[in-house]
$ cat run.txt   # compact mmCIF, C-alpha atoms
# COMPACT_ATOMS: atom_id res chain seq x y z
CA MET A 6 -7.66 -23.25 11.40
CA LYS A 7 -7.50 -19.49 11.94
CA LYS A 8 -10.68 -17.47 11.51
CA THR A 9 -11.33 -13.98 10.16
CA ALA A 10 -14.13 -11.71 8.92
CA LEU A 11 -14.04 -9.48 5.86
CA ILE A 12 -15.21 -5.94 6.61
CA GLY A 13 -15.88 -4.10 3.38
CA ALA A 14 -16.96 -5.97 0.26
CA GLY A 15 -15.35 -3.99 -2.53
CA ALA A 16 -12.95 -5.30 -5.17
CA ILE A 17 -9.96 -5.45 -2.83
CA ALA A 18 -11.81 -7.77 -0.43
CA TYR A 19 -11.98 -10.42 -3.16
CA CYS A 20 -8.17 -10.32 -3.42
CA HIS A 21 -7.89 -11.09 0.28
CA ALA A 22 -10.63 -13.71 0.10
CA ARG A 23 -8.71 -15.63 -2.57
CA ALA A 24 -5.49 -15.37 -0.55
CA LEU A 25 -7.16 -16.50 2.68
CA LYS A 26 -8.63 -19.53 0.98
CA GLN A 27 -5.16 -20.58 -0.18
CA LEU A 28 -3.83 -20.08 3.35
CA ASP A 29 -6.59 -22.21 4.87
CA VAL A 30 -8.09 -19.32 6.87
CA GLU A 31 -11.83 -19.59 7.49
CA ILE A 32 -13.90 -16.53 6.58
CA CYS A 33 -16.66 -16.51 9.19
CA GLY A 34 -18.62 -13.55 7.87
CA VAL A 35 -18.79 -10.50 5.62
CA ILE A 36 -19.80 -7.02 6.75
CA ASP A 37 -20.63 -4.10 4.46
CA VAL A 38 -23.06 -1.18 4.64
CA ASN A 39 -24.20 -2.25 1.16
CA THR A 40 -26.03 -5.50 1.86
CA ASP A 41 -26.06 -6.52 -1.82
CA SER A 42 -22.28 -6.22 -2.00
CA ALA A 43 -21.94 -8.11 1.27
CA ARG A 44 -24.20 -10.91 0.03
CA LYS A 45 -22.31 -11.25 -3.24
CA LEU A 46 -18.95 -11.59 -1.48
CA ALA A 47 -20.36 -13.88 1.21
CA ASP A 48 -21.77 -16.20 -1.44
CA ALA A 49 -18.41 -16.24 -3.22
CA CYS A 50 -16.69 -17.16 0.05
CA GLY A 51 -19.26 -19.70 1.17
CA THR A 52 -20.04 -17.73 4.31
CA ARG A 53 -22.76 -15.43 5.68
CA VAL A 54 -23.53 -11.74 5.91
CA VAL A 55 -23.11 -10.30 9.41
CA SER A 56 -24.82 -7.09 10.53
CA HIS A 57 -22.47 -6.16 13.38
CA LEU A 58 -18.91 -7.25 14.05
CA ALA A 59 -19.67 -7.70 17.75
CA GLU A 60 -21.87 -10.67 16.82
CA ILE A 61 -18.87 -12.80 15.82
CA ALA A 62 -15.76 -11.00 17.13
CA GLY A 63 -15.41 -13.41 20.03
CA GLU A 64 -14.91 -16.39 17.71
CA LEU A 65 -12.32 -14.74 15.44
CA ASP A 66 -8.52 -14.67 15.47
CA MET A 67 -8.37 -11.60 13.25
CA VAL A 68 -10.34 -9.30 10.96
CA HIS A 69 -9.57 -7.95 7.51
CA LEU A 70 -10.57 -4.29 7.24
CA CYS A 71 -11.18 -3.39 3.59
CA THR A 72 -13.45 -0.37 4.07
CA PRO A 73 -12.54 3.15 2.92
CA PRO A 74 -10.02 4.51 5.45
CA SER A 75 -12.51 6.94 7.01
CA PHE A 76 -14.59 4.09 8.47
CA ARG A 77 -12.18 1.91 10.39
CA ILE A 78 -11.74 3.05 13.97
CA ASP A 79 -15.00 1.66 15.35
CA TYR A 80 -14.53 -1.68 13.58
CA ALA A 81 -10.92 -1.85 14.75
CA ARG A 82 -11.91 -1.05 18.33
CA THR A 83 -14.53 -3.81 18.41
CA ALA A 84 -12.06 -6.30 16.95
CA MET A 85 -9.09 -5.36 19.13
CA GLU A 86 -11.06 -5.27 22.37
CA ALA A 87 -12.17 -8.84 21.53
CA GLY A 88 -8.51 -9.82 21.14
CA CYS A 89 -8.51 -9.95 17.33
CA HIS A 90 -5.51 -9.02 15.23
CA VAL A 91 -6.28 -6.53 12.44
CA PHE A 92 -5.06 -6.51 8.85
CA MET A 93 -6.22 -3.40 7.00
CA GLU A 94 -5.87 -1.93 3.58
CA LYS A 95 -3.66 1.07 3.01
CA PRO A 96 -3.81 3.87 3.81
CA MET A 97 -4.52 3.02 7.43
CA ALA A 98 -6.43 6.30 7.88
CA ILE A 99 -6.93 9.70 6.29
CA THR A 100 -5.29 11.65 9.12
CA PRO A 101 -2.26 10.90 11.31
CA ALA A 102 -4.46 11.53 14.36
CA ASP A 103 -6.74 8.64 13.39
CA GLY A 104 -3.71 6.53 12.54
CA GLN A 105 -2.32 7.16 16.01
CA ILE A 106 -5.62 6.06 17.56
CA LEU A 107 -5.39 2.75 15.69
CA VAL A 108 -1.77 2.18 16.76
CA ASP A 109 -2.55 3.04 20.39
CA MET A 110 -5.56 0.69 20.44
CA ALA A 111 -3.50 -2.20 19.07
CA GLU A 112 -0.78 -1.68 21.65
CA ALA A 113 -3.27 -1.30 24.50
CA ASN A 114 -4.98 -4.57 23.57
CA GLY A 115 -1.81 -6.50 22.78
CA VAL A 116 -2.79 -7.39 19.21
CA ARG A 117 -1.00 -7.17 15.88
CA LEU A 118 -1.96 -4.35 13.52
CA MET A 119 -0.64 -4.66 9.96
CA VAL A 120 -1.30 -2.62 6.82
CA ASP A 121 -1.41 -4.12 3.33
CA PHE A 122 1.59 -2.67 1.51
CA ASN A 123 1.29 -5.68 -0.77
CA HIS A 124 3.44 -4.35 -3.62
CA ARG A 125 6.55 -4.72 -1.45
CA PHE A 126 5.96 -8.50 -1.56
CA ARG A 127 6.07 -8.74 -5.36
CA ALA A 128 8.91 -10.54 -7.12
CA GLY A 129 10.08 -7.49 -9.07
CA PHE A 130 10.48 -5.26 -6.06
CA GLN A 131 11.99 -8.04 -3.97
CA GLU A 132 14.72 -8.48 -6.61
CA LEU A 133 15.34 -4.73 -6.67
CA LEU A 134 15.57 -4.71 -2.87
CA ARG A 135 17.92 -7.72 -2.86
CA ILE A 136 20.34 -6.03 -5.26
CA VAL A 137 20.39 -2.82 -3.22
CA GLN A 138 20.86 -4.62 0.10
CA SER A 139 23.60 -6.85 -1.31
CA GLY A 140 25.87 -3.82 -1.79
CA GLU A 141 26.28 -4.70 -5.47
CA ILE A 142 25.67 -1.11 -6.59
CA GLY A 143 27.61 0.42 -3.71
CA GLU A 144 26.37 3.17 -1.42
CA VAL A 145 22.97 4.51 -2.47
CA VAL A 146 22.99 8.13 -3.60
CA ASN A 147 19.60 8.55 -5.26
CA VAL A 148 16.31 6.66 -5.50
CA PHE A 149 13.45 7.57 -7.80
CA ILE A 150 9.93 6.36 -8.48
CA ASN A 151 8.10 7.51 -11.60
CA ARG A 152 4.59 6.11 -12.00
CA MET A 153 2.10 7.31 -14.61
CA GLY A 154 -1.32 6.19 -15.80
CA MET A 155 -5.08 6.60 -15.70
CA LEU A 156 -6.45 4.45 -12.90
CA GLY A 157 -10.00 4.47 -14.26
CA GLY A 158 -13.10 4.59 -12.07
CA ASN A 159 -11.03 3.88 -8.99
CA ALA A 160 -9.17 7.15 -9.13
CA GLY A 161 -10.96 9.91 -10.91
CA THR A 162 -12.61 9.50 -14.28
CA GLN A 163 -16.24 10.55 -14.50
CA HIS A 164 -17.20 7.81 -12.02
CA ASP A 165 -17.60 9.06 -8.47
CA THR A 166 -16.06 6.84 -5.81
CA TRP A 167 -15.37 7.30 -2.11
CA ARG A 168 -12.00 8.83 -3.07
CA ARG A 169 -13.70 11.93 -4.46
CA LYS A 170 -16.77 12.30 -2.24
CA ALA A 171 -16.96 14.92 0.50
CA GLY A 172 -16.23 13.38 3.87
CA THR A 173 -14.19 10.48 2.48
CA VAL A 174 -12.03 12.23 -0.12
CA CYS A 175 -8.57 10.71 -0.38
CA GLY A 176 -6.15 11.81 -3.07
CA MET A 177 -3.06 10.23 -4.50
CA SER A 178 -0.64 11.58 -1.88
CA ILE A 179 -2.38 9.72 0.92
CA GLU A 180 -3.70 6.64 -0.84
CA SER A 181 -1.69 5.25 -3.75
CA LEU A 182 1.56 7.07 -3.03
CA SER A 183 1.72 5.20 0.28
CA HIS A 184 3.00 2.18 -1.69
CA ASP A 185 5.83 4.26 -3.14
CA ILE A 186 6.71 5.80 0.23
CA ASP A 187 6.83 2.31 1.71
CA MET A 188 9.14 1.15 -1.09
CA VAL A 189 11.50 4.09 -0.58
CA TRP A 190 11.54 3.30 3.15
CA GLN A 191 12.40 -0.34 2.41
CA LEU A 192 15.26 0.74 0.15
CA LEU A 193 16.73 3.63 2.17
CA GLY A 194 15.13 3.88 5.59
CA PRO A 195 13.44 6.90 7.16
CA VAL A 196 12.78 10.25 5.45
CA ALA A 197 14.26 13.39 7.00
CA SER A 198 12.35 16.08 5.09
CA VAL A 199 9.98 16.61 2.16
CA ARG A 200 9.65 19.32 -0.46
CA ALA A 201 6.65 18.77 -2.74
CA ASP A 202 3.99 20.07 -5.09
CA VAL A 203 0.64 18.51 -5.95
CA ARG A 204 -2.12 19.18 -8.46
CA GLY A 205 -5.66 17.96 -8.99
CA THR A 206 -7.52 17.92 -12.30
CA PHE A 207 -11.10 17.87 -10.98
CA ALA A 208 -12.56 21.28 -10.20
CA ASP A 209 -15.43 19.70 -8.28
CA ALA A 210 -13.01 17.86 -5.95
CA PRO A 211 -10.17 20.26 -5.01
CA ALA A 212 -8.98 17.98 -2.20
CA PHE A 213 -8.47 15.13 -4.67
CA ASP A 214 -4.85 15.44 -5.79
CA ASN A 215 -3.91 13.15 -8.66
CA ASN A 216 -0.48 14.49 -9.63
CA VAL A 217 2.46 14.59 -7.23
CA ASN A 218 6.09 15.67 -7.40
CA ALA A 219 8.01 15.17 -4.14
CA LEU A 220 11.68 15.55 -3.27
CA LEU A 221 12.82 13.48 -0.30
CA SER A 222 15.90 14.00 1.84
CA MET A 223 16.75 10.76 3.60
CA ARG A 224 18.20 10.45 7.08
CA ASN A 225 21.10 8.40 5.73
CA GLY A 226 22.14 11.27 3.44
CA ALA A 227 20.66 9.91 0.20
CA MET A 228 18.00 11.70 -1.80
CA GLY A 229 14.84 10.58 -3.51
CA VAL A 230 12.10 11.74 -5.83
CA LEU A 231 8.49 10.62 -6.25
CA HIS A 232 6.78 11.55 -9.51
CA ALA A 233 3.30 10.14 -9.96
CA SER A 234 0.12 10.79 -11.90
CA TRP A 235 -3.35 9.28 -11.92
CA SER A 236 -4.38 11.45 -14.89
CA SER A 237 -1.77 10.53 -17.51
CA HIS A 238 -3.02 9.24 -20.85
CA LEU A 239 0.25 7.36 -21.29
CA LYS A 240 1.29 4.59 -18.91
CA MET A 241 4.62 3.66 -17.39
CA SER A 242 6.36 2.74 -14.19
CA ALA A 243 10.00 2.99 -13.10
CA ARG A 244 11.68 2.50 -9.77
CA GLY A 245 15.40 3.12 -9.78
CA VAL A 246 18.33 3.26 -7.42
CA VAL A 247 21.61 4.98 -8.24
CA GLY A 248 24.61 3.85 -6.23
CA THR A 249 28.28 4.72 -6.16
CA ARG A 250 29.14 1.54 -8.08
CA GLY A 251 26.05 0.87 -10.16
CA THR A 252 22.43 1.55 -11.05
CA VAL A 253 19.38 -0.71 -11.03
CA ILE A 254 15.99 0.18 -12.52
CA LEU A 255 12.73 -1.77 -12.27
CA GLU A 256 10.48 -0.85 -15.19
CA GLY A 257 6.92 -1.53 -16.26
CA ASP A 258 4.43 -0.61 -18.96
CA ASP A 259 1.60 0.41 -16.63
CA LEU A 260 1.13 1.99 -13.22
CA PHE A 261 1.94 -1.14 -11.21
CA ASP A 262 3.62 -3.43 -13.76
CA PHE A 263 7.17 -4.76 -13.39
CA ASN A 264 8.16 -6.03 -16.85
CA ARG A 265 11.96 -5.81 -16.73
CA LEU A 266 14.88 -5.07 -14.46
CA ARG A 267 17.96 -3.28 -15.77
CA LEU A 268 21.28 -3.46 -13.95
CA ARG A 269 24.74 -2.15 -14.66
CA THR A 270 27.61 -1.93 -12.20
CA ALA A 271 31.17 -0.62 -12.52
CA ASP A 272 32.32 -4.19 -13.19
CA MET A 273 29.89 -4.83 -16.06
CA PRO A 274 30.91 -3.95 -19.63
CA HIS A 275 27.26 -3.93 -20.67
CA GLU A 276 23.82 -3.52 -19.12
CA HIS A 277 22.25 -6.68 -17.75
CA LEU A 278 18.54 -7.01 -18.61
CA ILE A 279 16.21 -9.36 -16.75
CA ARG A 280 12.76 -9.97 -18.26
CA LEU A 281 10.00 -10.21 -15.66
CA ASP A 282 6.43 -11.42 -15.76
CA ASP A 283 5.30 -9.38 -12.76
CA VAL A 284 2.20 -7.74 -14.21
CA TYR A 285 -0.38 -6.53 -11.73
CA HIS A 286 -3.87 -8.02 -11.93
CA PHE A 287 -6.35 -8.13 -9.04
CA ALA A 288 -7.30 -11.71 -9.77
CA THR A 289 -3.83 -13.21 -10.18
CA CYS A 290 -1.26 -11.02 -8.43
CA PRO A 291 0.41 -13.14 -5.70
CA SER A 292 1.27 -10.13 -3.56
CA TYR A 293 -1.98 -10.41 -1.58
CA LEU A 294 -1.16 -14.03 -0.81
CA ASN A 295 2.38 -13.10 0.25
CA ALA A 296 1.19 -10.18 2.39
CA ASN A 297 -1.40 -12.33 4.17
CA ARG A 298 1.11 -15.12 4.71
CA TYR A 299 3.45 -12.59 6.32
CA PHE A 300 0.63 -11.36 8.56
CA LEU A 301 -0.07 -14.90 9.74
CA GLU A 302 3.63 -15.50 10.39
CA CYS A 303 3.85 -12.34 12.49
CA GLN A 304 0.84 -13.49 14.52
CA ASP A 305 2.47 -16.86 15.16
CA LYS A 306 5.76 -15.22 16.19
CA GLY A 307 4.09 -12.52 18.29
CA GLU A 308 5.87 -9.84 16.24
CA ASP A 309 4.59 -6.62 14.70
CA GLY A 310 6.60 -7.03 11.51
CA SER A 311 7.94 -4.39 9.14
CA ALA A 312 4.48 -3.56 7.74
CA SER A 313 3.12 -2.74 11.19
CA GLY A 314 0.61 -0.08 12.06
CA ARG A 315 3.38 2.06 13.48
CA HIS A 316 5.29 1.88 10.17
CA ALA A 317 2.08 2.70 8.27
CA LEU A 318 1.57 5.72 10.53
CA GLU A 319 5.02 7.02 9.59
CA THR A 320 4.21 6.66 5.87
CA LEU A 321 0.94 8.53 6.46
CA LYS A 322 2.87 11.36 8.11
CA ILE A 323 5.06 11.60 5.01
CA SER A 324 1.94 11.81 2.82
CA HIS A 325 0.70 14.70 4.94
CA ALA A 326 4.12 16.35 4.81
CA ILE A 327 3.84 16.23 1.01
CA LEU A 328 0.45 17.96 1.15
CA GLU A 329 1.66 20.51 3.72
CA SER A 330 4.75 21.31 1.66
CA ALA A 331 2.59 21.84 -1.42
CA ARG A 332 0.29 24.14 0.55
CA THR A 333 3.06 26.21 2.16
CA GLN A 334 5.70 25.91 -0.57
CA THR A 335 8.26 25.05 2.08
CA ALA A 336 10.27 22.00 3.07
CA ILE A 337 8.67 20.00 5.89
CA PRO A 338 10.94 18.22 8.39
CA LEU A 339 9.97 14.81 9.73

$ encode --input "run.txt" --output "structure tokens"
Amino acid sequence: MKKTALIGAGAIAYCHARALKQLDVEICGVIDVNTDSARKLADACGTRVVSHLAEIAGELDMVHLCTPPSFRIDYARTAMEAGCHVFMEKPMAITPADGQILVDMAEANGVRLMVDFNHRFRAGFQELLRIVQSGEIGEVVNVFINRMGMLGGNAGTQHDTWRRKAGTVCGMSIESLSHDIDMVWQLLGPVASVRADVRGTFADAPAFDNNVNALLSMRNGAMGVLHASWSSHLKMSARGVVGTRGTVILEGDDLFDFNRLRLRTADMPHEHLIRLDDVYHFATCPSYLNANRYFLECQDKGEDGSASGRHALETLKISHAILESARTQTAIPL
């Protein structure tokens, strides 16, 4: 039985705890600066609260880093130097410099570093990806992601969270948009350049952007657009790919819901509609299980996998290119 520790005891850690239980991974301890939160999660997992990772790192195969991204390097260093693989929440860091440190440490210690782009493992997106990769819609010309909603206390209502506090602030371009950047990468490969604009709606947190428009030029010649809002009073989600012989669109009724897939190719007289039941809930979404299973498989194979730290670093660089383009009003090459 493989062993891990949960570092960070917020809501996302419970998603991983449920997945790890199903995968027969032993949770040997919980670490959090908030001891009450740590105790609550430890009790739910049937394990103990640990004050310092060094106390148990030597008995672990891996750690799950679920802290805010500003507080990961020291934990990751302790884990990696003890030979532990590291699975961390996205974004891997706030800055590319810190992301590079994490990648370099993993390579120096010969361990796997993976980042939880769990939405790529969901059934709706996997079907979208399958259709694109099959060549059914021909050569891809355009990809778009349009995601709107109000993410509640997690992303900027009147409730302060680490995302809005000085020293840990992390807006939409770096945090949530990383999922969309990852999806575009899966569909079309690397980004060549970015032209973007961002806005924030909180005067007391100017670094907290919650509206993003970004135009992407892809290295394969295709183009893409990301349009996202955390401050919309109406909800919707659409991820679409336009090809030379067809179009496929994955739609949902909330920020992360996939309720239906629409497909029409040059050979179809009418649109083909597939109803989906891929609605995102923390407690039931299987993507955390699928992402953790993939992490374990990569460990067993000695492979970094497509959700590696190095891939996550490239997505983080794109997030920063979006912010830099908005600041300078110029296109940023990558």

$ atom_distance --input "run.txt" --atom1 "CA of Leu260 in chain A" --atom2 "CA of Lys240 in chain A"
6.3 Å

$ residues_around --input "run.txt" --residues "Val217 in chain A" --least-positions-apart "3" --cutoff "12 Å" --atoms "all atoms listed in the file" --output "ChimeraX atom specification"
/A:150-153,176-182,185,200-206,213-214,220,230-237,324,327-328,330-331

$ closest_residue --input "run.txt" --among "A:Ala317, A:Met228, A:Cys303, A:Ala326" --to "Glu144 in chain A" --atoms "only C-alpha atoms"
A:Met228

$ closest_residue --input "run.txt" --among "A:Arg280, A:Lys8, A:Lys95, A:Arg267" --to "Gly251 in chain A" --atoms "all atoms listed in the file"
A:Arg267

$ atom_distance --input "run.txt" --atom1 "CA of His21 in chain A" --atom2 "CA of Pro195 in chain A"
28.7 Å

$ atom_distance --input "run.txt" --atom1 "CA of Cys290 in chain A" --atom2 "CA of Ser139 in chain A"
26.2 Å

$ closest_residue --input "run.txt" --among "A:Ile337, A:Val246, A:Ala210, A:Val284" --to "Ala171 in chain A" --atoms "only C-alpha atoms"
A:Ala210

$ residues_around --input "run.txt" --residues "Gly257 in chain A" --least-positions-apart "2" --cutoff "6 Å" --atoms "all atoms listed in the file" --output "MDAnalysis selection string"
chainID A and resid 241:242 259 262:264

$ closest_residue --input "run.txt" --among "A:Ile323, A:Ala81, A:Ile17, A:Ala271" --to "Asp121 in chain A" --atoms "all atoms listed in the file"
A:Ile17

$ closest_residue --input "run.txt" --among "A:Thr270, A:Gln304, A:Thr83, A:Asn215" --to "Val137 in chain A" --atoms "all atoms listed in the file"
A:Thr270

$ closest_residue --input "run.txt" --among "A:Cys33, A:Gly226, A:Thr333, A:Asp282" --to "Leu193 in chain A" --atoms "all atoms listed in the file"
A:Gly226

$ residues_around --input "run.txt" --residues "Thr252 in chain A" --least-positions-apart "6" --cutoff "12 Å" --atoms "all atoms listed in the file" --output "MDAnalysis selection string"
chainID A and resid 133 136:137 140:149 244:246 266:273 276:277

$ residues_around --input "run.txt" --residues "Asn39 in chain A" --least-positions-apart "6" --cutoff "12 Å" --atoms "all atoms listed in the file" --output "ChimeraX atom specification"
/A:12-15,45-46,54-56,72
